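Have a look at start_5.cif; it's mmCIF, C-alpha atoms:
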data_protein
loop_
_atom_site.label_atom_id
_atom_site.label_comp_id
_atom_site.auth_asym_id
_atom_site.auth_seq_id
_atom_site.Cartn_x
_atom_site.Cartn_y
_atom_site.Cartn_z
CA MET A 14 0.00 0.00 0.00
CA GLU A 15 2.76 2.38 0.96
CA GLN A 16 4.68 1.39 -2.15
CA ILE A 17 1.72 2.19 -4.38
CA PHE A 18 1.53 5.67 -2.90
CA PHE A 19 5.29 6.12 -3.21
CA PHE A 20 5.37 5.09 -6.85
CA TYR A 21 2.43 7.34 -7.69
CA PHE A 22 4.04 10.35 -5.99
CA ALA A 23 7.47 9.55 -7.44
CA PHE A 24 6.12 9.21 -10.95
CA VAL A 25 4.21 12.49 -10.80
CA ILE A 26 7.16 14.32 -9.21
CA ALA A 27 9.59 13.11 -11.88
CA ALA A 28 7.16 13.83 -14.74
CA THR A 29 6.26 17.34 -13.57
CA SER A 30 9.90 18.22 -12.87
CA VAL A 31 10.72 17.32 -16.47
CA LEU A 32 7.74 19.41 -17.57
CA VAL A 33 9.05 22.42 -15.61
CA VAL A 34 12.22 22.38 -17.66
CA ALA A 35 10.63 21.46 -20.98
CA MET A 36 7.59 23.76 -21.15
CA ARG A 37 7.78 26.70 -23.51
CA ASN A 38 5.50 29.03 -21.60
CA PRO A 39 6.79 30.09 -18.14
CA VAL A 40 3.25 30.07 -16.73
CA TYR A 41 2.86 26.41 -17.61
CA SER A 42 6.25 25.71 -16.04
CA ALA A 43 5.15 27.39 -12.82
CA LEU A 44 1.88 25.42 -12.78
CA ALA A 45 3.78 22.15 -13.31
CA LEU A 46 5.96 23.14 -10.36
CA LEU A 47 2.79 23.72 -8.33
CA ILE A 48 1.65 20.14 -9.01
CA MET A 49 5.10 18.92 -8.06
CA PHE A 50 4.99 20.82 -4.75
CA PHE A 51 1.67 19.21 -3.85
CA HIS A 52 2.99 15.74 -4.58
CA VAL A 53 6.16 16.38 -2.60
CA ALA A 54 3.87 17.34 0.29
CA GLY A 55 2.06 14.03 -0.18
CA LEU A 56 5.41 12.24 -0.08
CA TYR A 57 6.16 14.01 3.21
CA VAL A 58 2.89 12.74 4.64
CA THR A 59 3.81 9.16 3.76
CA LEU A 60 7.14 9.79 5.50
CA HIS A 61 5.33 10.93 8.69
CA ALA A 62 6.46 14.54 8.36
CA GLU A 63 3.01 16.10 8.51
CA PHE A 64 4.16 19.50 9.73
CA LEU A 65 6.57 19.82 6.83
CA ALA A 66 3.84 18.80 4.40
CA ALA A 67 1.67 21.65 5.65
CA VAL A 68 4.59 24.08 5.54
CA GLN A 69 5.47 22.91 2.04
CA ILE A 70 1.98 23.72 0.79
CA ILE A 71 1.70 27.02 2.64
CA VAL A 72 5.15 28.41 1.90
CA TYR A 73 6.08 26.87 -1.44
CA ALA A 74 2.72 26.62 -3.17
CA GLY A 75 1.14 29.54 -1.37
CA ALA A 76 3.89 32.14 -1.25
CA ILE A 77 6.85 31.32 -3.47
CA LEU A 78 4.92 30.10 -6.48
CA VAL A 79 2.44 32.98 -6.32
CA LEU A 80 5.42 35.33 -6.36
CA TYR A 81 6.76 33.59 -9.45
CA LEU A 82 3.43 33.79 -11.25
CA PHE A 83 3.14 37.44 -10.25
CA VAL A 84 6.49 38.28 -11.79
CA VAL A 85 5.84 36.20 -14.92
CA MET A 86 2.61 38.04 -15.55
CA LEU A 87 4.10 41.39 -14.58
CA LEU A 88 6.89 41.15 -17.13
CA ASN A 89 4.59 40.28 -20.05
CA LEU A 90 7.05 38.00 -21.78
CA LYS A 91 7.10 37.24 -25.38
CA GLN A 92 7.97 33.66 -26.10
CA ASP A 93 11.45 33.18 -27.42
CA ASP A 94 13.53 30.18 -28.27
CA ARG A 95 14.04 27.96 -25.32
CA TYR A 96 17.43 26.38 -25.21
CA HIS A 97 20.99 27.54 -25.13
CA ARG A 98 23.36 26.70 -27.88
CA GLN A 99 25.54 25.17 -25.18
CA TRP A 100 23.34 22.09 -24.86
CA PRO A 101 26.22 19.69 -25.74
CA MET A 102 27.99 20.94 -22.62
CA ALA A 103 24.87 20.40 -20.53
CA ALA A 104 24.39 16.92 -21.98
CA ALA A 105 28.01 16.09 -21.15
CA VAL A 106 27.53 17.22 -17.53
CA GLY A 107 24.28 15.30 -17.22
CA VAL A 108 25.65 12.08 -18.70
CA THR A 109 28.71 12.33 -16.45
CA LEU A 110 26.63 12.74 -13.30
CA PHE A 111 24.29 9.93 -14.34
CA VAL A 112 27.10 7.49 -15.08
CA GLU A 113 28.77 8.45 -11.82
CA ALA A 114 25.59 7.73 -9.88
CA ILE A 115 25.16 4.36 -11.58
CA ILE A 116 28.79 3.39 -10.97
CA LEU A 117 28.58 4.40 -7.32
CA THR A 118 25.42 2.40 -6.71
CA VAL A 119 26.78 -0.64 -8.53
CA MET A 120 30.19 -0.58 -6.88
CA LYS A 121 29.17 0.22 -3.33
CA GLY A 122 26.11 -1.96 -3.48
CA TRP A 123 23.43 -1.11 -1.02
CA THR A 124 24.60 -1.49 2.53
CA ALA A 125 22.31 -0.23 5.21
CA PRO A 126 23.91 2.70 7.02
CA LEU A 127 24.47 2.49 10.72
CA ALA A 128 21.71 3.56 13.01
CA ALA A 129 22.12 7.01 14.43
CA THR A 130 23.77 7.51 17.78
CA GLY A 131 21.77 7.89 20.93
CA THR A 132 21.03 11.58 20.69
CA GLU A 133 18.11 11.25 18.33
CA THR A 134 14.66 12.46 19.13
CA THR A 135 12.08 9.83 18.51
CA ILE A 136 9.36 10.76 16.09
CA GLY A 137 5.74 10.09 16.53
CA GLU A 138 5.11 9.61 20.20
CA ALA A 139 4.26 13.23 20.91
CA GLY A 140 3.24 14.35 17.45
CA ASN A 141 5.38 15.59 14.62
CA THR A 142 4.94 19.32 15.18
CA GLU A 143 5.74 19.06 18.86
CA ALA A 144 8.89 17.04 18.18
CA ILE A 145 10.13 19.56 15.62
CA GLY A 146 9.39 22.45 17.93
CA ASP A 147 11.24 20.78 20.78
CA VAL A 148 14.41 20.36 18.71
CA LEU A 149 14.10 23.66 16.87
CA TYR A 150 13.84 25.81 19.96
CA SER A 151 16.49 24.01 21.99
CA THR A 152 19.28 22.48 19.90
CA TYR A 153 18.84 24.65 16.84
CA LEU A 154 17.95 27.90 18.52
CA PHE A 155 20.92 29.85 17.14
CA PRO A 156 20.40 28.71 13.51
CA PHE A 157 16.76 29.66 13.95
CA GLU A 158 17.73 33.20 14.89
CA VAL A 159 20.18 33.35 11.97
CA ALA A 160 17.36 32.23 9.66
CA SER A 161 15.25 35.15 10.82
CA LEU A 162 18.18 37.46 10.10
CA ILE A 163 18.46 35.98 6.59
CA LEU A 164 14.79 36.73 6.00
CA LEU A 165 15.25 40.30 7.19
CA VAL A 166 18.24 40.83 4.89
CA ALA A 167 16.36 39.30 1.96
CA MET A 168 13.36 41.55 2.60
CA ILE A 169 15.46 44.72 2.71
CA GLY A 170 17.50 43.60 -0.31
CA ALA A 171 14.40 42.89 -2.36
CA ILE A 172 12.93 46.28 -1.55
CA VAL A 173 16.16 48.09 -2.43
CA LEU A 174 16.61 46.15 -5.68
CA ALA A 175 13.07 46.52 -6.90
CA LYS A 176 12.76 50.20 -6.02
CA LYS A 177 12.80 52.32 -9.12
CA ASP A 178 15.74 54.65 -8.75
CA LEU A 179 17.03 54.99 -5.30
CA GLY A 180 18.07 58.43 -4.09
CA GLU A 181 17.65 60.27 -7.36
CA PRO A 182 14.59 62.28 -8.19
CA THR A 183 12.40 60.67 -10.83
CA GLU A 184 12.34 62.47 -14.13
CA SER A 185 10.50 60.00 -16.30
CA MET B 17 9.10 1.55 6.52
CA THR B 18 8.19 -0.60 3.56
CA VAL B 19 9.63 1.66 0.89
CA PRO B 20 13.45 1.36 0.94
CA LEU B 21 15.54 4.45 1.41
CA PHE B 22 17.24 3.74 -1.89
CA TYR B 23 14.09 4.59 -3.85
CA TYR B 24 13.89 8.01 -2.26
CA LEU B 25 17.53 8.67 -3.12
CA VAL B 26 16.93 7.68 -6.75
CA LEU B 27 13.89 9.94 -6.96
CA SER B 28 15.81 12.81 -5.41
CA GLY B 29 18.69 12.24 -7.83
CA ILE B 30 16.36 12.34 -10.81
CA VAL B 31 14.75 15.58 -9.68
CA PHE B 32 18.12 17.15 -8.89
CA LEU B 33 19.53 16.19 -12.28
CA THR B 34 16.46 17.66 -13.98
CA GLY B 35 17.10 20.90 -12.11
CA VAL B 36 20.74 20.96 -13.20
CA MET B 37 19.68 20.40 -16.80
CA GLY B 38 17.18 23.25 -16.51
CA VAL B 39 19.80 25.65 -15.21
CA LEU B 40 22.24 24.70 -17.94
CA LEU B 41 19.83 24.50 -20.85
CA ARG B 42 17.17 27.14 -20.57
CA ARG B 43 17.64 30.78 -21.51
CA ASN B 44 14.68 32.21 -19.64
CA ILE B 45 15.95 33.42 -16.27
CA ILE B 46 12.64 32.69 -14.53
CA ILE B 47 12.81 29.05 -15.61
CA ILE B 48 16.37 28.95 -14.27
CA LEU B 49 15.12 30.08 -10.85
CA LEU B 50 12.35 27.47 -11.02
CA SER B 51 15.00 24.83 -11.72
CA VAL B 52 16.88 25.98 -8.62
CA GLU B 53 13.64 25.36 -6.71
CA LEU B 54 13.59 21.84 -8.17
CA MET B 55 17.07 21.20 -6.82
CA LEU B 56 16.14 22.52 -3.37
CA ASN B 57 13.11 20.23 -3.32
CA ALA B 58 15.29 17.25 -4.25
CA THR B 59 17.52 17.91 -1.26
CA ASN B 60 14.45 18.34 0.94
CA ILE B 61 13.15 14.91 -0.11
CA ASN B 62 16.54 13.49 0.83
CA PHE B 63 16.47 15.18 4.23
CA VAL B 64 13.00 13.93 5.10
CA ALA B 65 13.72 10.39 3.88
CA PHE B 66 16.86 10.18 6.00
CA SER B 67 15.04 11.72 8.95
CA GLN B 68 12.45 8.96 8.74
CA TYR B 69 15.11 6.31 8.24
CA PHE B 70 17.21 7.30 11.25
CA HIS B 71 14.20 8.23 13.40
CA ASP B 72 15.82 11.59 14.02
CA VAL B 73 13.75 14.73 13.71
CA ALA B 74 16.78 16.95 13.04
CA GLY B 75 16.52 16.28 9.31
CA GLN B 76 13.10 17.89 9.24
CA VAL B 77 14.51 20.92 11.05
CA PHE B 78 17.06 21.26 8.27
CA VAL B 79 14.27 21.17 5.70
CA PHE B 80 12.80 24.08 7.61
CA PHE B 81 16.03 26.04 7.20
CA ALA B 82 16.29 25.12 3.53
CA LEU B 83 12.78 26.48 3.13
CA THR B 84 13.84 29.78 4.72
CA VAL B 85 16.79 30.07 2.36
CA ALA B 86 14.55 29.24 -0.60
CA ALA B 87 12.13 32.01 0.37
CA ALA B 88 14.97 34.52 0.70
CA GLU B 89 16.45 33.41 -2.61
CA VAL B 90 13.12 33.84 -4.38
CA ALA B 91 12.57 37.32 -2.99
CA VAL B 92 16.02 38.60 -3.93
CA GLY B 93 16.15 36.73 -7.23
CA LEU B 94 12.82 38.01 -8.44
CA ALA B 95 13.74 41.55 -7.40
CA ILE B 96 16.93 41.23 -9.46
CA ILE B 97 14.88 39.93 -12.41
CA VAL B 98 12.52 42.90 -12.20
CA ALA B 99 15.47 45.31 -12.06
CA LEU B 100 17.13 43.60 -15.03
CA TYR B 101 13.91 43.67 -17.02
CA ARG B 102 13.60 47.38 -16.33
CA ALA B 103 17.11 48.00 -17.59
CA LYS B 104 17.22 45.75 -20.66
CA SER B 105 13.53 44.84 -21.24
CA THR B 106 14.37 41.20 -21.73
CA ILE B 107 14.90 38.22 -19.44
CA ASN B 108 16.99 36.18 -21.83
CA VAL B 109 20.22 35.34 -20.02
CA ASP B 110 22.22 35.58 -23.23
CA GLU B 111 21.54 39.32 -23.28
CA PHE B 112 23.06 39.98 -19.87
CA GLN B 113 26.71 40.25 -20.74
CA LEU B 114 27.73 43.30 -18.73
CA LEU B 115 27.89 43.88 -15.01
CA LYS B 116 26.98 47.54 -15.52
CA TRP B 117 24.62 49.50 -17.69
#
Could you express the structure from this file as structure tokens?
Amino acid sequence: MEQIFFFYFAFVIAATSVLVVAMRNPVYSALALLIMFFHVAGLYVTLHAEFLAAVQIIVYAGAILVLYLFVVMLLNLKQDDRYHRQWPMAAAVGVTLFVEAIILTVMKGWTAPLAATGTETTIGEAGNTEAIGDVLYSTYLFPFEVASLILLVAMIGAIVLAKKDLGEPTES
Amino acid sequence: MTVPLFYYLVLSGIVFLTGVMGVLLRRNIIIILLSVELMLNATNINFVAFSQYFHDVAGQVFVFFALTVAAAEVAVGLAIIVALYRAKSTINVDEFQLLKW
């Protein structure tokens, strides 16, 4: 049962991620990415990460993707040719990475990694959100504060970059 | 866990490779940013799969941080795109050859 769900989600995720790259119209690409985000959220639910599934839908599908669509429609793009002329280079990189992955999996085989050391927090007894909150606000408190600083910097940077002409009087 | 960890790694690898191809191949700068989102999602799938495998919730916390970075990247990146479009009235990356205008 779990495998059926996994293969469904995996198939849709792989197909829509290819569509994101291959679509000619940026709006279609963004919508394919939206479908992919929803299925990644479904994959998180099957992995018992319910809080992350909710955050994935709210932040990725709700905020980030809407921002993308907003900019795509703001810029009023005309459709131009899609691909670089440097596609042989890209194909070389892709084939190299692919062969490397295959060689690594064949050579190393699949050995189960060691179980984590005793510091882990068990999932599921107190609920996923509570477990994440426990770890986030104790062990990872400093990275959490740094993350808020990153968001502040990004907000100020976006405002400064998108402002029309900073400091000079507008003449147009 | 009935689905082996290996399957998640293969799925994540496929999505990541698709994102790399998108960054290398496409000329539309918005599609390039969308491909970067694909790569971030591939790493997030990895994090959550390992978190479930090791029964350690720290992996999900890292997904949380990756999400923060993705949000910041989108805000700054789209602001840069809007500024570039104002200056050159195109978003084709082949046209952006100078660091000044």
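The set of residues that the PyMOL selection byres ((chain B) within 6 of (chain A)) takes from this file is Val19, Gly38, Leu40, Leu41, Arg42, Arg43, Phe70, His71, Asp72, Val73, Ala88, Ala91, Val92, Ala95 and Ala99 of chain B.
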Could you list, as an mmCIF file with C-alpha atoms, in the coordinates of the input, every residue matched by the PyMOL selection byres ((chain B and resi 29-31) around 8) in this structure?
data_model
loop_
_atom_site.group_PDB
_atom_site.id
_atom_site.type_symbol
_atom_site.label_atom_id
_atom_site.label_comp_id
_atom_site.auth_asym_id
_atom_site.auth_seq_id
_atom_site.Cartn_x
_atom_site.Cartn_y
_atom_site.Cartn_z
ATOM 1 C CA ILE A 26 7.160 14.320 -9.210
ATOM 2 C CA ALA A 27 9.590 13.110 -11.880
ATOM 3 C CA SER A 30 9.900 18.220 -12.870
ATOM 4 C CA LEU B 25 17.530 8.670 -3.120
ATOM 5 C CA VAL B 26 16.930 7.680 -6.750
ATOM 6 C CA LEU B 27 13.890 9.940 -6.960
ATOM 7 C CA SER B 28 15.810 12.810 -5.410
ATOM 8 C CA PHE B 32 18.120 17.150 -8.890
ATOM 9 C CA LEU B 33 19.530 16.190 -12.280
ATOM 10 C CA THR B 34 16.460 17.660 -13.980
ATOM 11 C CA GLY B 35 17.100 20.900 -12.110
ATOM 12 C CA LEU B 54 13.590 21.840 -8.170
ATOM 13 C CA MET B 55 17.070 21.200 -6.820
ATOM 14 C CA ALA B 58 15.290 17.250 -4.250
#
Quick one: apply the PyMOL selection byres ((chain B and resi 82) around 10) to the file and drop the selected residues here as a compact mmCIF listing (two decimals) with C-alpha atoms, in the frame of the given file.
# COMPACT_ATOMS: atom_id res chain seq x y z
CA ALA A 160 17.36 32.23 9.66
CA LEU B 56 16.14 22.52 -3.37
CA ASN B 57 13.11 20.23 -3.32
CA THR B 59 17.52 17.91 -1.26
CA ASN B 60 14.45 18.34 0.94
CA PHE B 63 16.47 15.18 4.23
CA GLN B 76 13.10 17.89 9.24
CA VAL B 77 14.51 20.92 11.05
CA PHE B 78 17.06 21.26 8.27
CA VAL B 79 14.27 21.17 5.70
CA PHE B 80 12.80 24.08 7.61
CA PHE B 81 16.03 26.04 7.20
CA LEU B 83 12.78 26.48 3.13
CA THR B 84 13.84 29.78 4.72
CA VAL B 85 16.79 30.07 2.36
CA ALA B 86 14.55 29.24 -0.60
CA ALA B 87 12.13 32.01 0.37
CA ALA B 88 14.97 34.52 0.70
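We find atom CA of Glu89 of chain B and atom CA of Leu49 of chain B to be spaced 9.0 Å apart.
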Seminar exercise, completed: What separates atom CA of Asn108 of chain B and atom CA of Glu53 of chain B is a distance of 18.9 Å
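Note that the spacing between atom CA of Met86 of chain A and atom CA of Val25 of chain A amounts to 26.0 Å.
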For this session: Up to 8 Å from (15.2, 7.0, 5.0) in the file's coordinates: name the residues, counting all atoms listed in the file, as a count of residues only.
Result: 12
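The closest residue to Ala67 of chain A, picked from A:Thr109, A:Thr142, A:Ile48, A:Leu162 and counting only C-alpha atoms, is A:Thr142.
With only C-alpha atoms as the basis for measurement, B:Ile61 is the residue among B:Ala74, B:Val39, B:Leu50, B:Ile61 that approaches Gly55 of chain A most closely.
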Exercise. Between A:Leu44, A:Ile115, A:Ala66, A:Leu154, which one has atoms that come closest to Val79 of chain A, using only C-alpha atoms?
Worked result: A:Leu44
Just need the box for segment 143-152 of chain A, edges along x, y and z, holding every atom the file lists for it with 5 Å tacked onto each side, so centre and edge lengths in Å to one decimal, as lines of an AutoDock Vina configuration file.
center_x = 12.5
center_y = 21.4
center_z = 18.8
size_x = 23.5
size_y = 18.8
size_z = 16.4
